[in-house]
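What's in final10.cif: mmCIF, C-alpha atoms and all ligand atoms
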data_work
loop_
_atom_site.label_atom_id
_atom_site.label_comp_id
_atom_site.auth_asym_id
_atom_site.auth_seq_id
_atom_site.Cartn_x
_atom_site.Cartn_y
_atom_site.Cartn_z
CA MET A 202 -164.09 125.30 -167.54
CA GLN A 203 -165.27 121.78 -168.25
CA HIS A 204 -168.38 120.68 -170.08
CA PRO A 205 -169.66 117.16 -169.48
CA GLN A 206 -170.49 115.20 -172.57
CA THR A 207 -174.01 115.84 -173.84
CA LEU A 208 -175.74 112.80 -175.24
CA SER A 209 -178.69 112.63 -177.55
CA LEU A 210 -181.66 112.61 -175.22
CA PRO A 211 -185.39 112.86 -175.90
CA LYS A 212 -186.54 116.46 -176.32
CA PRO A 213 -188.62 117.75 -173.42
CA ASP A 214 -192.11 118.91 -174.36
CA ALA A 215 -192.72 122.68 -174.47
CA GLU A 216 -194.21 122.86 -170.97
CA SER A 217 -191.31 120.93 -169.39
CA ALA A 218 -188.76 122.99 -171.34
CA ALA A 219 -190.38 126.22 -170.09
CA HIS A 220 -190.38 124.89 -166.52
CA SER A 221 -186.72 123.93 -166.82
CA GLU A 222 -185.90 127.44 -168.04
CA CYS A 223 -187.54 128.86 -164.86
CA VAL A 224 -185.39 126.57 -162.73
CA ALA A 225 -182.28 127.56 -164.68
CA GLU A 226 -183.18 131.23 -164.17
CA PHE A 227 -183.58 130.63 -160.43
CA ILE A 228 -180.13 128.99 -160.31
CA ARG A 229 -178.56 131.79 -162.39
CA ASP A 230 -179.87 134.24 -159.76
CA ARG A 231 -178.37 132.15 -156.93
CA ILE A 232 -175.01 132.07 -158.75
CA HIS A 233 -175.18 135.82 -159.26
CA ASP A 234 -176.09 136.40 -155.57
CA ALA A 235 -173.16 134.21 -154.51
CA GLY A 236 -170.68 136.28 -156.53
CA GLY A 237 -170.32 134.07 -159.62
CA GLN A 238 -170.25 130.45 -158.53
CA ILE A 239 -171.96 127.94 -156.27
CA SER A 240 -170.82 124.51 -155.09
CA PHE A 241 -172.03 121.49 -157.02
CA ALA A 242 -173.98 120.36 -153.94
CA GLU A 243 -175.87 123.66 -153.85
CA TYR A 244 -176.55 123.41 -157.59
CA MET A 245 -177.88 119.85 -157.14
CA HIS A 246 -180.00 120.97 -154.19
CA HIS A 247 -181.66 123.70 -156.29
CA CYS A 248 -182.22 121.32 -159.22
CA LEU A 249 -183.98 118.81 -156.97
CA TYR A 250 -185.54 120.87 -154.19
CA ALA A 251 -185.88 124.58 -155.09
CA PRO A 252 -189.28 125.49 -153.59
CA GLY A 253 -192.05 124.92 -156.14
CA LEU A 254 -189.47 124.44 -158.91
CA GLY A 255 -187.07 121.57 -158.20
CA TYR A 256 -187.42 118.07 -159.55
CA TYR A 257 -188.93 116.72 -156.32
CA SER A 258 -190.77 119.92 -155.36
CA ALA A 259 -192.71 120.49 -158.59
CA GLY A 260 -195.33 118.39 -160.29
CA SER A 261 -193.65 116.19 -162.95
CA ALA A 262 -194.39 112.44 -163.21
CA LYS A 263 -190.94 111.15 -162.03
CA PHE A 264 -191.75 107.52 -161.16
CA GLY A 265 -192.88 104.70 -163.45
CA GLY A 266 -193.36 104.41 -167.19
CA ALA A 267 -194.44 108.03 -167.74
CA GLY A 268 -191.62 109.38 -165.59
CA ASP A 269 -187.83 109.20 -165.60
CA PHE A 270 -186.94 106.11 -163.58
CA VAL A 271 -188.45 103.17 -161.75
CA THR A 272 -187.79 102.09 -158.18
CA ALA A 273 -188.27 98.63 -156.67
CA PRO A 274 -191.78 99.30 -155.26
CA GLU A 275 -192.85 100.68 -158.65
CA ILE A 276 -191.57 97.54 -160.40
CA SER A 277 -193.35 94.98 -158.28
CA SER A 278 -195.66 94.70 -155.31
CA LEU A 279 -193.44 91.81 -154.15
CA PHE A 280 -190.94 94.31 -152.80
CA GLY A 281 -193.53 95.82 -150.44
CA THR A 282 -194.97 92.43 -149.50
CA ILE A 283 -191.61 91.00 -148.48
CA LEU A 284 -190.56 94.19 -146.72
CA ALA A 285 -193.89 94.19 -144.82
CA ARG A 286 -193.09 90.75 -143.45
CA GLN A 287 -189.69 91.96 -142.32
CA CYS A 288 -191.38 94.90 -140.62
CA ALA A 289 -193.77 92.51 -138.89
CA GLU A 290 -190.84 90.53 -137.46
CA VAL A 291 -189.59 93.71 -135.79
CA LEU A 292 -192.98 95.16 -134.82
CA THR A 293 -194.00 92.05 -132.88
CA GLN A 294 -190.95 92.51 -130.62
CA LEU A 295 -191.92 96.06 -129.62
CA GLU A 296 -194.59 97.71 -127.53
CA ALA A 297 -196.86 100.22 -129.30
CA PRO A 298 -194.71 100.44 -132.45
CA ALA A 299 -195.18 102.36 -135.70
CA ILE A 300 -193.64 102.45 -139.17
CA LEU A 301 -191.95 105.61 -140.40
CA GLU A 302 -191.23 105.90 -144.10
CA ILE A 303 -188.83 108.63 -145.20
CA GLY A 304 -189.22 109.86 -148.79
CA ALA A 305 -192.30 107.85 -149.77
CA GLY A 306 -192.32 108.81 -153.46
CA SER A 307 -195.64 107.94 -155.08
CA GLY A 308 -197.00 106.26 -151.91
CA ARG A 309 -197.08 102.84 -153.58
CA LEU A 310 -194.73 101.21 -151.07
CA ALA A 311 -196.74 102.55 -148.13
CA ALA A 312 -199.96 101.17 -149.63
CA GLY A 313 -198.36 97.77 -150.32
CA ILE A 314 -196.92 97.42 -146.83
CA LEU A 315 -200.14 98.51 -145.13
CA LYS A 316 -202.26 96.09 -147.18
CA GLU A 317 -199.94 93.17 -146.45
CA LEU A 318 -199.84 93.96 -142.73
CA ALA A 319 -203.64 94.37 -142.63
CA ASP A 320 -204.10 90.97 -144.37
CA SER A 321 -201.86 89.29 -141.82
CA GLY A 322 -203.38 91.12 -138.83
CA ALA A 323 -200.07 92.83 -138.06
CA LEU A 324 -200.84 96.54 -138.54
CA PRO A 325 -198.64 98.60 -136.20
CA GLU A 326 -200.52 99.98 -133.22
CA GLN A 327 -199.25 103.52 -133.75
CA GLY A 328 -199.86 103.57 -137.51
CA TYR A 329 -197.75 104.47 -140.54
CA LYS A 330 -195.97 107.82 -140.60
CA ILE A 331 -194.52 109.46 -143.68
CA LEU A 332 -191.92 112.21 -143.77
CA ASP A 333 -191.22 113.63 -147.21
CA ILE A 334 -189.40 116.83 -148.06
CA SER A 335 -191.68 117.37 -151.07
CA ALA A 336 -195.11 118.94 -150.45
CA ASP A 337 -196.14 117.95 -153.98
CA LEU A 338 -195.29 114.28 -153.35
CA ARG A 339 -197.10 114.32 -150.02
CA GLU A 340 -200.28 115.29 -151.85
CA ARG A 341 -199.71 112.58 -154.42
CA GLN A 342 -199.06 109.99 -151.73
CA GLU A 343 -202.35 110.86 -150.10
CA SER A 344 -204.33 110.58 -153.33
CA PHE A 345 -202.61 107.31 -154.23
CA LEU A 346 -203.47 105.83 -150.83
CA ARG A 347 -207.03 107.17 -151.08
CA ARG A 348 -207.43 105.29 -154.39
CA ASP A 349 -205.44 102.16 -153.64
CA ALA A 350 -206.06 101.51 -149.95
CA PRO A 351 -208.92 103.81 -148.84
CA GLU A 352 -209.76 101.65 -145.82
CA LEU A 353 -206.21 102.14 -144.50
CA LEU A 354 -205.82 105.86 -145.13
CA ASN A 355 -206.78 106.69 -141.55
CA ARG A 356 -203.71 104.75 -140.40
CA VAL A 357 -201.37 107.15 -142.21
CA GLU A 358 -200.02 110.38 -140.79
CA TRP A 359 -197.75 112.85 -142.58
CA LEU A 360 -195.08 114.41 -140.39
CA ASP A 361 -193.20 117.68 -140.77
CA ALA A 362 -190.17 116.56 -138.79
CA LEU A 363 -188.65 113.41 -137.39
CA PRO A 364 -190.52 112.29 -134.25
CA GLU A 365 -188.84 111.96 -130.88
CA GLY A 366 -188.41 108.59 -129.15
CA PHE A 367 -189.69 106.58 -132.10
CA SER A 368 -190.27 102.87 -131.57
CA GLY A 369 -190.71 100.69 -134.65
CA VAL A 370 -189.40 100.40 -138.20
CA VAL A 371 -187.90 103.18 -140.31
CA ILE A 372 -187.84 102.67 -144.08
CA ALA A 373 -185.97 104.74 -146.64
CA ASN A 374 -185.87 103.43 -150.20
CA GLU A 375 -183.72 105.45 -152.58
CA VAL A 376 -183.59 108.52 -150.35
CA LEU A 377 -179.87 108.64 -149.59
CA ASP A 378 -179.04 108.74 -153.30
CA ALA A 379 -181.17 111.87 -153.61
CA LEU A 380 -179.10 113.86 -151.08
CA PRO A 381 -176.93 116.47 -152.82
CA VAL A 382 -173.26 115.59 -153.23
CA GLU A 383 -170.11 117.68 -153.45
CA ARG A 384 -167.83 116.91 -156.38
CA PHE A 385 -164.09 117.15 -155.88
CA ILE A 386 -160.82 116.56 -157.70
CA ARG A 387 -157.68 115.39 -155.90
CA ARG A 388 -154.91 117.60 -157.35
CA GLU A 389 -151.23 117.33 -156.46
CA GLN A 390 -151.37 120.67 -154.64
CA GLY A 391 -154.56 119.91 -152.70
CA ILE A 392 -158.27 119.22 -153.03
CA ALA A 393 -160.33 121.19 -155.51
CA GLN A 394 -164.07 121.72 -155.15
CA VAL A 395 -166.08 121.53 -158.35
CA CYS A 396 -168.36 124.57 -158.63
CA VAL A 397 -171.05 125.63 -161.08
CA VAL A 398 -170.90 128.93 -163.00
CA THR A 399 -173.03 130.45 -165.72
CA ASP A 400 -171.68 130.12 -169.24
CA GLY A 401 -173.63 132.09 -171.83
CA ASP A 402 -177.16 130.70 -171.75
CA GLY A 403 -176.01 127.57 -169.99
CA PHE A 404 -173.80 126.45 -167.14
CA GLY A 405 -170.23 125.23 -166.74
CA LEU A 406 -168.01 123.64 -164.11
CA VAL A 407 -164.92 125.25 -162.59
CA GLU A 408 -162.48 124.22 -159.89
CA SER A 409 -162.21 126.22 -156.71
CA LYS A 410 -160.25 125.95 -153.46
CA ALA A 411 -162.15 123.40 -151.37
CA PRO A 412 -163.70 124.60 -148.09
CA GLY A 413 -162.50 123.02 -144.85
CA MET A 414 -165.45 120.63 -144.52
CA LEU A 415 -164.78 119.14 -147.98
CA VAL A 416 -161.03 118.88 -147.36
CA ALA A 417 -161.76 117.13 -144.05
CA ALA A 418 -164.20 114.72 -145.73
CA VAL A 419 -161.73 113.76 -148.49
CA GLU A 420 -158.85 113.47 -146.03
CA SER A 421 -160.87 111.16 -143.83
CA ILE A 422 -161.58 108.98 -146.90
CA GLU A 423 -157.85 108.90 -147.63
CA ALA A 424 -157.07 108.04 -144.00
CA PHE A 425 -159.58 105.17 -144.23
CA LEU A 426 -158.01 103.92 -147.47
CA GLY A 427 -154.53 104.27 -145.96
CA GLN A 428 -153.26 106.25 -148.94
CA SER A 429 -153.94 109.40 -150.94
CA LEU A 430 -156.29 109.22 -153.87
CA PRO A 431 -154.38 109.38 -157.18
CA ASN A 432 -153.64 112.82 -158.61
CA ASP A 433 -156.48 114.19 -160.77
CA TYR A 434 -158.92 111.67 -159.27
CA ALA A 435 -162.50 113.01 -159.39
CA SER A 436 -165.43 111.79 -157.35
CA GLU A 437 -168.29 112.81 -155.08
CA VAL A 438 -168.83 112.95 -151.38
CA CYS A 439 -172.20 113.34 -149.70
CA VAL A 440 -171.32 115.62 -146.83
CA ALA A 441 -174.94 115.61 -145.60
CA ALA A 442 -175.11 111.80 -145.23
CA PRO A 443 -173.53 111.44 -141.74
CA GLN A 444 -175.93 114.02 -140.27
CA TRP A 445 -178.92 112.47 -142.09
CA THR A 446 -177.99 109.12 -140.55
CA ALA A 447 -177.39 110.68 -137.12
CA ASP A 448 -180.88 112.22 -137.30
CA ILE A 449 -182.45 108.82 -138.05
CA CYS A 450 -180.46 107.29 -135.17
CA GLY A 451 -181.57 110.13 -132.89
CA THR A 452 -185.21 109.43 -133.64
CA LEU A 453 -185.01 105.64 -133.13
CA ARG A 454 -185.48 104.77 -129.46
CA ASP A 455 -185.81 101.10 -130.34
CA GLY A 456 -186.35 99.27 -133.59
CA VAL A 457 -184.77 98.80 -137.00
CA ALA A 458 -184.16 101.11 -139.96
CA PHE A 459 -184.04 99.51 -143.42
CA LEU A 460 -182.02 101.72 -145.76
CA PHE A 461 -182.19 100.60 -149.40
CA ASP A 462 -180.17 102.15 -152.18
CA TYR A 463 -177.70 101.57 -154.96
CA GLY A 464 -174.34 101.83 -153.38
CA THR A 465 -171.28 100.04 -152.23
CA SER A 466 -168.48 100.00 -149.69
CA ARG A 467 -166.14 102.98 -149.37
CA ARG A 468 -163.22 100.92 -150.72
CA GLU A 469 -165.09 100.18 -153.93
CA TYR A 470 -166.60 103.67 -154.13
CA PHE A 471 -163.16 105.27 -154.09
CA ALA A 472 -161.26 102.52 -155.94
CA ALA A 473 -158.42 103.91 -158.06
CA ASP A 474 -160.16 102.87 -161.30
CA ARG A 475 -163.42 104.63 -160.34
CA SER A 476 -162.24 108.17 -161.07
CA GLY A 477 -165.17 110.15 -162.45
CA GLY A 478 -167.51 109.34 -159.60
CA TRP A 479 -170.97 107.87 -159.33
CA LEU A 480 -173.32 110.73 -160.23
CA ARG A 481 -176.03 109.84 -162.75
CA CYS A 482 -178.82 111.80 -164.37
CA HIS A 483 -182.14 110.26 -165.41
CA PHE A 484 -184.46 111.74 -167.97
CA ARG A 485 -187.33 109.78 -169.52
CA HIS A 486 -185.60 106.46 -168.74
CA HIS A 487 -182.30 107.57 -170.29
CA ALA A 488 -179.34 107.51 -167.90
CA HIS A 489 -176.55 109.94 -168.74
CA ASP A 490 -173.89 112.06 -167.05
CA ASN A 491 -174.63 115.69 -167.84
CA PRO A 492 -176.13 117.42 -164.78
CA LEU A 493 -175.86 120.88 -166.37
CA ILE A 494 -178.93 120.49 -168.58
CA LEU A 495 -182.67 119.92 -168.04
CA GLN A 496 -182.59 121.66 -164.65
CA GLY A 497 -185.56 120.62 -162.51
CA ILE A 498 -186.90 118.11 -165.01
CA GLN A 499 -184.29 115.38 -164.72
CA ASP A 500 -183.29 113.39 -161.67
CA LEU A 501 -179.76 113.82 -160.32
CA THR A 502 -178.58 111.03 -158.10
CA SER A 503 -175.40 109.50 -156.78
CA TRP A 504 -174.52 106.04 -155.49
CA VAL A 505 -174.24 105.71 -151.73
CA ASP A 506 -171.01 105.10 -149.81
CA PHE A 507 -172.54 102.67 -147.29
CA THR A 508 -169.41 102.69 -145.12
CA THR A 509 -170.20 106.31 -144.23
CA ILE A 510 -173.77 105.42 -143.27
CA ALA A 511 -172.76 102.38 -141.20
CA ALA A 512 -170.01 104.37 -139.42
CA ALA A 513 -172.42 107.19 -138.58
CA ALA A 514 -174.89 104.64 -137.20
CA VAL A 515 -172.24 103.03 -135.01
CA ASP A 516 -171.02 106.47 -133.86
CA ASN A 517 -174.60 107.09 -132.73
CA ALA A 518 -174.73 103.86 -130.70
CA LEU A 519 -176.77 101.77 -133.16
CA ASP A 520 -175.94 98.20 -134.20
CA ILE A 521 -175.57 96.97 -137.74
CA ALA A 522 -178.38 94.43 -138.21
CA GLY A 523 -177.05 93.44 -141.64
CA PHE A 524 -175.86 94.60 -145.03
CA VAL A 525 -177.05 92.53 -147.97
CA THR A 526 -177.75 92.91 -151.66
CA GLN A 527 -181.37 93.51 -152.62
CA ALA A 528 -181.47 90.02 -154.16
CA ARG A 529 -180.34 88.47 -150.87
CA PHE A 530 -182.80 90.57 -148.90
CA LEU A 531 -185.71 89.41 -151.04
CA ILE A 532 -184.61 85.76 -151.11
CA GLY A 533 -183.87 85.77 -147.36
CA GLY A 534 -187.24 87.45 -146.85
CA GLY A 535 -189.11 84.55 -148.46
CA LEU A 536 -189.28 85.30 -152.20
CA ASP A 537 -189.56 81.58 -152.98
CA LYS A 538 -192.98 81.46 -151.29
CA TYR A 539 -194.31 83.42 -154.23
CA PHE A 540 -193.42 80.57 -156.56
CA ALA A 541 -195.49 78.07 -154.65
CA ASP A 542 -198.58 78.62 -156.80
CA PHE A 543 -196.69 79.67 -159.95
CA ALA A 544 -198.01 76.73 -162.03
CA GLU A 545 -201.59 77.78 -161.27
CA LEU A 546 -201.16 81.31 -162.62
CA SER A 547 -202.20 82.32 -166.14
CA THR A 548 -199.42 82.50 -168.72
CA ASP A 549 -199.64 86.30 -168.68
CA ALA A 550 -199.33 86.42 -164.90
CA GLN A 551 -196.39 83.99 -165.00
CA LEU A 552 -194.58 86.14 -167.54
CA ARG A 553 -195.26 89.30 -165.56
CA LEU A 554 -194.09 87.79 -162.29
CA SER A 555 -190.92 86.34 -163.89
CA ALA A 556 -190.07 89.71 -165.42
CA GLU A 557 -190.58 91.50 -162.08
CA ILE A 558 -188.45 89.01 -160.17
CA LYS A 559 -185.69 89.24 -162.78
CA LEU A 560 -185.61 93.04 -162.52
CA LEU A 561 -185.51 92.95 -158.73
CA THR A 562 -182.93 90.20 -158.31
CA LEU A 563 -180.67 89.66 -161.33
CA PRO A 564 -177.11 90.93 -160.78
CA ALA A 565 -177.16 92.97 -163.99
CA GLU A 566 -180.48 94.62 -162.96
CA MET A 567 -181.16 95.71 -159.37
CA GLY A 568 -180.11 92.52 -157.59
CA GLU A 569 -176.46 93.32 -156.84
CA ASN A 570 -176.13 97.09 -157.17
CA PHE A 571 -178.96 97.72 -154.73
CA LYS A 572 -178.23 96.96 -151.11
CA CYS A 573 -180.10 97.07 -147.84
CA LEU A 574 -178.32 98.29 -144.74
CA GLY A 575 -180.18 97.47 -141.53
CA ILE A 576 -179.34 99.48 -138.43
CA SER A 577 -180.97 98.79 -135.10
CA ARG A 578 -181.26 99.84 -131.50
CA GLY A 579 -182.47 97.63 -128.65
CA ASN A 580 -182.29 93.98 -127.87
CA LEU A 581 -184.01 92.67 -131.00
CA ARG A 582 -183.75 89.51 -133.08
CA PRO A 583 -182.28 90.56 -136.44
CA PRO A 584 -184.77 90.42 -139.32
CA SER A 585 -184.56 87.13 -141.23
CA ALA A 586 -183.75 88.86 -144.55
CA PHE A 587 -180.25 89.50 -143.17
CA GLU A 588 -179.64 85.86 -142.31
CA PHE A 589 -177.68 84.90 -145.44
CA GLY A 590 -175.13 86.73 -147.55
CA ASP A 591 -174.30 89.40 -144.99
CA ARG A 592 -171.62 91.75 -146.34
CA THR A 593 -171.13 93.93 -143.29
CA THR A 594 -167.43 93.06 -143.18
CA THR A 595 -166.93 94.65 -146.64
CA LEU A 596 -167.80 98.03 -145.10
CA GLY A 597 -164.69 98.16 -142.91
C1 LIG B 601 -185.83 108.67 -155.55
S1 LIG B 601 -187.26 109.12 -154.68
C2 LIG B 601 -187.70 107.55 -153.98
C3 LIG B 601 -189.15 107.44 -153.69
C4 LIG B 601 -189.66 106.14 -153.06
N1 LIG B 601 -189.01 105.85 -151.80
C5 LIG B 601 -189.51 104.97 -154.03
O1 LIG B 601 -188.72 104.08 -153.75
O2 LIG B 601 -190.19 104.96 -155.05
C6 LIG B 601 -186.67 110.08 -153.32
C7 LIG B 601 -187.74 110.47 -152.33
O3 LIG B 601 -187.11 111.02 -151.17
C8 LIG B 601 -187.68 112.27 -150.85
N2 LIG B 601 -186.63 113.00 -150.12
C9 LIG B 601 -185.44 113.43 -150.58
N3 LIG B 601 -184.70 114.00 -149.60
C10 LIG B 601 -185.43 113.88 -148.46
C11 LIG B 601 -185.23 114.24 -147.10
N4 LIG B 601 -184.10 114.85 -146.71
N5 LIG B 601 -186.21 113.98 -146.21
C12 LIG B 601 -187.35 113.38 -146.59
N6 LIG B 601 -187.61 113.01 -147.87
C13 LIG B 601 -186.67 113.25 -148.79
C14 LIG B 601 -188.14 112.82 -152.19
O4 LIG B 601 -189.09 113.84 -152.08
C15 LIG B 601 -188.71 111.53 -152.81
O5 LIG B 601 -189.98 111.23 -152.32
#

What does the file become when written as structure tokens?
Ligand SMILES: C[S@@+](CC[C@H](N)C(=O)[O-])C[C@H]1O[C@@H](n2cnc3c(N)ncnc32)[C@H](O)[C@@H]1O
Amino acid sequence: MQHPQTLSLPKPDAESAAHSECVAEFIRDRIHDAGGQISFAEYMHHCLYAPGLGYYSAGSAKFGGAGDFVTAPEISSLFGTILARQCAEVLTQLEAPAILEIGAGSGRLAAGILKELADSGALPEQGYKILDISADLRERQESFLRRDAPELLNRVEWLDALPEGFSGVVIANEVLDALPVERFIRREQGIAQVCVVTDGDGFGLVESKAPGMLVAAVESIEAFLGQSLPNDYASEVCVAAPQWTADICGTLRDGVAFLFDYGTSRREYFAADRSGGWLRCHFRHHAHDNPLILQGIQDLTSWVDFTTIAAAAVDNALDIAGFVTQARFLIGGGLDKYFADFAELSTDAQLRLSAEIKLLTLPAEMGENFKCLGISRGNLRPPSAFEFGDRTTTLG
């Protein structure tokens, strides 16, 4: 049994600690029901999405200063403004289009995009749809929009499932990284699946014979790389990602999907020196690598293998519109326009704007690690944010 390193983290308050204990109890019951162990992906699923309990299903703050992490739309309204203009480029080429945001978090990005499109007279005819797995976040999105953009609330519709024959723009920012991943170890005698067991009051990790679908996934990675992974190499694979992508492709009759996330090509993801994988945990703005604590009150997330997403899109007859870093996307999308009146801003506003732009674009911040993959269907001009710095060839 292995125990990941436990770092010194802030102590949860009593209410959060009690909530986490309920989630842990729920997971202990699932492990018991399953005969003593569950896969890591199932464990991660319960931690994030157990009904009424999981990190995304229950009511903790999550985003922003009072939460556990920040995302691009929470850092700066520039992200939404620039993305809105990219949406407009696509929307004007379509008849009766809409925007569909998957996993809308706090609702801030939706509000920003809608306000920018309203200001430029480019609101989509069929409105702005949101599909989020979390009922709690749906409520929060509605109250955020009611406060921040009340005049546009009637343009927003919450969906329970992907629509059929969708025409327009699909947006998913940091959704793929929230899909549960399987953890595996390449042993000399085969592929081991990492499973979660109870261990006293806590949890531990054990190795188990990998099921066929995990063996197939790792073998297809090895076939792609043209060689076996080194012995004792440990990493993650998101077995749900190809189907998630296929579902998005199935919904998109014509239009573009912008998929933003931290991630990289499959070659880099499974590079020999990256044993250990890409899973990270976030609690009160501390990033660490122990998923076996703070159940339901910390975020569990893994980098995205964008080769898998691009391949699934192509398999489903979509085109790759582009694959660029977040910095390139924002610069290609017209970031410099926001400097035009920089000298006229107050010193405070200048400092704030500089700090936001640095966070969004510097390589050591979100600029390089975050990417945008654009996938499209139909005879459309590619969005201008993909014009420079396209890295699609790195995905092959
Ligand atoms: C890391 S948060 C990102 C939130 C927001 N997009 C942002 O950038 O601030 C992940 C979001 O995806 C949602 N989510 C996760 N899996 C989902 C799925 N399969 N379908 C729809 N929403 C999902 C979560 O409820 C949450 O709103």

Hey, could you make a per-residue contact list for chain A against ligand LIG 601 (chain B) with 9 Å as the cut-off, showing the nearest pair of atoms and its distance in Å to one decimal, counting all atoms listed in the file, sorted by chain and number, as a tab-separated table?
residue	atom	partner	partner_atom	distance
A:Leu249	CA	B:LIG601	C9	8.5
A:Tyr250	CA	B:LIG601	O4	8.2
A:Tyr256	CA	B:LIG601	O4	8.7
A:Tyr257	CA	B:LIG601	O4	5.1
A:Ser258	CA	B:LIG601	O4	7.1
A:Lys263	CA	B:LIG601	S1	8.5
A:Phe264	CA	B:LIG601	O2	6.8
A:Gly265	CA	B:LIG601	O2	8.8
A:Phe270	CA	B:LIG601	C1	8.5
A:Val271	CA	B:LIG601	O2	7.1
A:Thr272	CA	B:LIG601	O2	4.9
A:Ala273	CA	B:LIG601	O1	6.2
A:Pro274	CA	B:LIG601	O1	5.9
A:Glu275	CA	B:LIG601	O2	6.2
A:Glu302	CA	B:LIG601	N1	8.0
A:Ile303	CA	B:LIG601	C12	5.2
A:Gly304	CA	B:LIG601	O3	3.4
A:Ala305	CA	B:LIG601	N1	4.4
A:Gly306	CA	B:LIG601	C3	3.5
A:Ser307	CA	B:LIG601	O2	6.2
A:Gly308	CA	B:LIG601	C4	7.4
A:Arg309	CA	B:LIG601	O2	7.4
A:Leu310	CA	B:LIG601	C5	7.1
A:Ile331	CA	B:LIG601	C12	8.7
A:Leu332	CA	B:LIG601	C12	5.5
A:Asp333	CA	B:LIG601	N6	3.7
A:Ile334	CA	B:LIG601	N6	4.2
A:Ser335	CA	B:LIG601	O4	4.5
A:Ala336	CA	B:LIG601	O4	8.1
A:Asp337	CA	B:LIG601	O4	8.4
A:Leu338	CA	B:LIG601	O5	6.2
A:Arg339	CA	B:LIG601	O5	8.1
A:Ala362	CA	B:LIG601	N5	8.8
A:Ile372	CA	B:LIG601	N1	8.4
A:Ala373	CA	B:LIG601	N1	6.1
A:Asn374	CA	B:LIG601	N1	4.3
A:Glu375	CA	B:LIG601	C2	4.7
A:Val376	CA	B:LIG601	O3	4.4
A:Leu377	CA	B:LIG601	N3	7.2
A:Asp378	CA	B:LIG601	C1	7.2
A:Ala379	CA	B:LIG601	C9	5.5
A:Leu380	CA	B:LIG601	N3	5.8
A:Pro381	CA	B:LIG601	N3	8.8
A:Trp445	CA	B:LIG601	N4	7.3
A:Phe461	CA	B:LIG601	O1	8.6
A:Asp462	CA	B:LIG601	O1	8.9
A:Asp500	CA	B:LIG601	C1	8.1
A:Thr502	CA	B:LIG601	C1	8.0

Dump as a compact mmCIF listing (two decimals), in the coordinates of the input, selection limited to C-alpha atoms:
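Output contents, as saved in out.txt:
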# COMPACT_ATOMS: atom_id res chain seq x y z
CA LEU A 249 -183.98 118.81 -156.97
CA TYR A 250 -185.54 120.87 -154.19
CA TYR A 256 -187.42 118.07 -159.55
CA TYR A 257 -188.93 116.72 -156.32
CA SER A 258 -190.77 119.92 -155.36
CA LYS A 263 -190.94 111.15 -162.03
CA PHE A 264 -191.75 107.52 -161.16
CA GLY A 265 -192.88 104.70 -163.45
CA PHE A 270 -186.94 106.11 -163.58
CA VAL A 271 -188.45 103.17 -161.75
CA THR A 272 -187.79 102.09 -158.18
CA ALA A 273 -188.27 98.63 -156.67
CA PRO A 274 -191.78 99.30 -155.26
CA GLU A 275 -192.85 100.68 -158.65
CA GLU A 302 -191.23 105.90 -144.10
CA ILE A 303 -188.83 108.63 -145.20
CA GLY A 304 -189.22 109.86 -148.79
CA ALA A 305 -192.30 107.85 -149.77
CA GLY A 306 -192.32 108.81 -153.46
CA SER A 307 -195.64 107.94 -155.08
CA GLY A 308 -197.00 106.26 -151.91
CA ARG A 309 -197.08 102.84 -153.58
CA LEU A 310 -194.73 101.21 -151.07
CA ILE A 331 -194.52 109.46 -143.68
CA LEU A 332 -191.92 112.21 -143.77
CA ASP A 333 -191.22 113.63 -147.21
CA ILE A 334 -189.40 116.83 -148.06
CA SER A 335 -191.68 117.37 -151.07
CA ALA A 336 -195.11 118.94 -150.45
CA ASP A 337 -196.14 117.95 -153.98
CA LEU A 338 -195.29 114.28 -153.35
CA ARG A 339 -197.10 114.32 -150.02
CA ALA A 362 -190.17 116.56 -138.79
CA ILE A 372 -187.84 102.67 -144.08
CA ALA A 373 -185.97 104.74 -146.64
CA ASN A 374 -185.87 103.43 -150.20
CA GLU A 375 -183.72 105.45 -152.58
CA VAL A 376 -183.59 108.52 -150.35
CA LEU A 377 -179.87 108.64 -149.59
CA ASP A 378 -179.04 108.74 -153.30
CA ALA A 379 -181.17 111.87 -153.61
CA LEU A 380 -179.10 113.86 -151.08
CA PRO A 381 -176.93 116.47 -152.82
CA TRP A 445 -178.92 112.47 -142.09
CA PHE A 461 -182.19 100.60 -149.40
CA ASP A 462 -180.17 102.15 -152.18
CA ASP A 500 -183.29 113.39 -161.67
CA THR A 502 -178.58 111.03 -158.10

- Query: Got a sec to check which residues sit within 10 Å of (-175.1, 91.2, -146.3), counting all atoms listed in the file, and write them as number ranges by chain?
  - Reply: A: 522-527, 529-530, 572-575, 586-595

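Here atom CA of A:Gly328 is placed at a distance of 18.6 Å from atom CA of A:Ile283.
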
- Query: Skipping near chain neighbours, those fewer than 3 positions away, what residues fall within 8 Å of A:Leu493 using all atoms listed in the file, listed as a PyMOL selection string?
  - Reply: chain A and resi 205+403-405+496

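Atom CA of A:Asp490 is found 26.6 Å from atom CA of A:Gly236.
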
Would you compute an axis-aligned box for stretch 563-577 of chain A, covering every atom listed for it in the file with 4 Å of margin on each side, and report centre and edge lengths in Å to one decimal as JSON?
{"center_x": -178.6, "center_y": 94.6, "center_z": -149.5, "size_x": 13.0, "size_y": 17.8, "size_z": 36.9}

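Atom pair atom CA of A:Glu352 / atom CA of A:Lys316: separated by 9.4 Å.
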
- Message: Let me make sure I understand: among A:Pro325, A:Gly266, A:Gly366, A:Pro351, which one has the smallest atom-to-atom distance to A:Ala299 if we use only C-alpha atoms?
- Response: A:Pro325
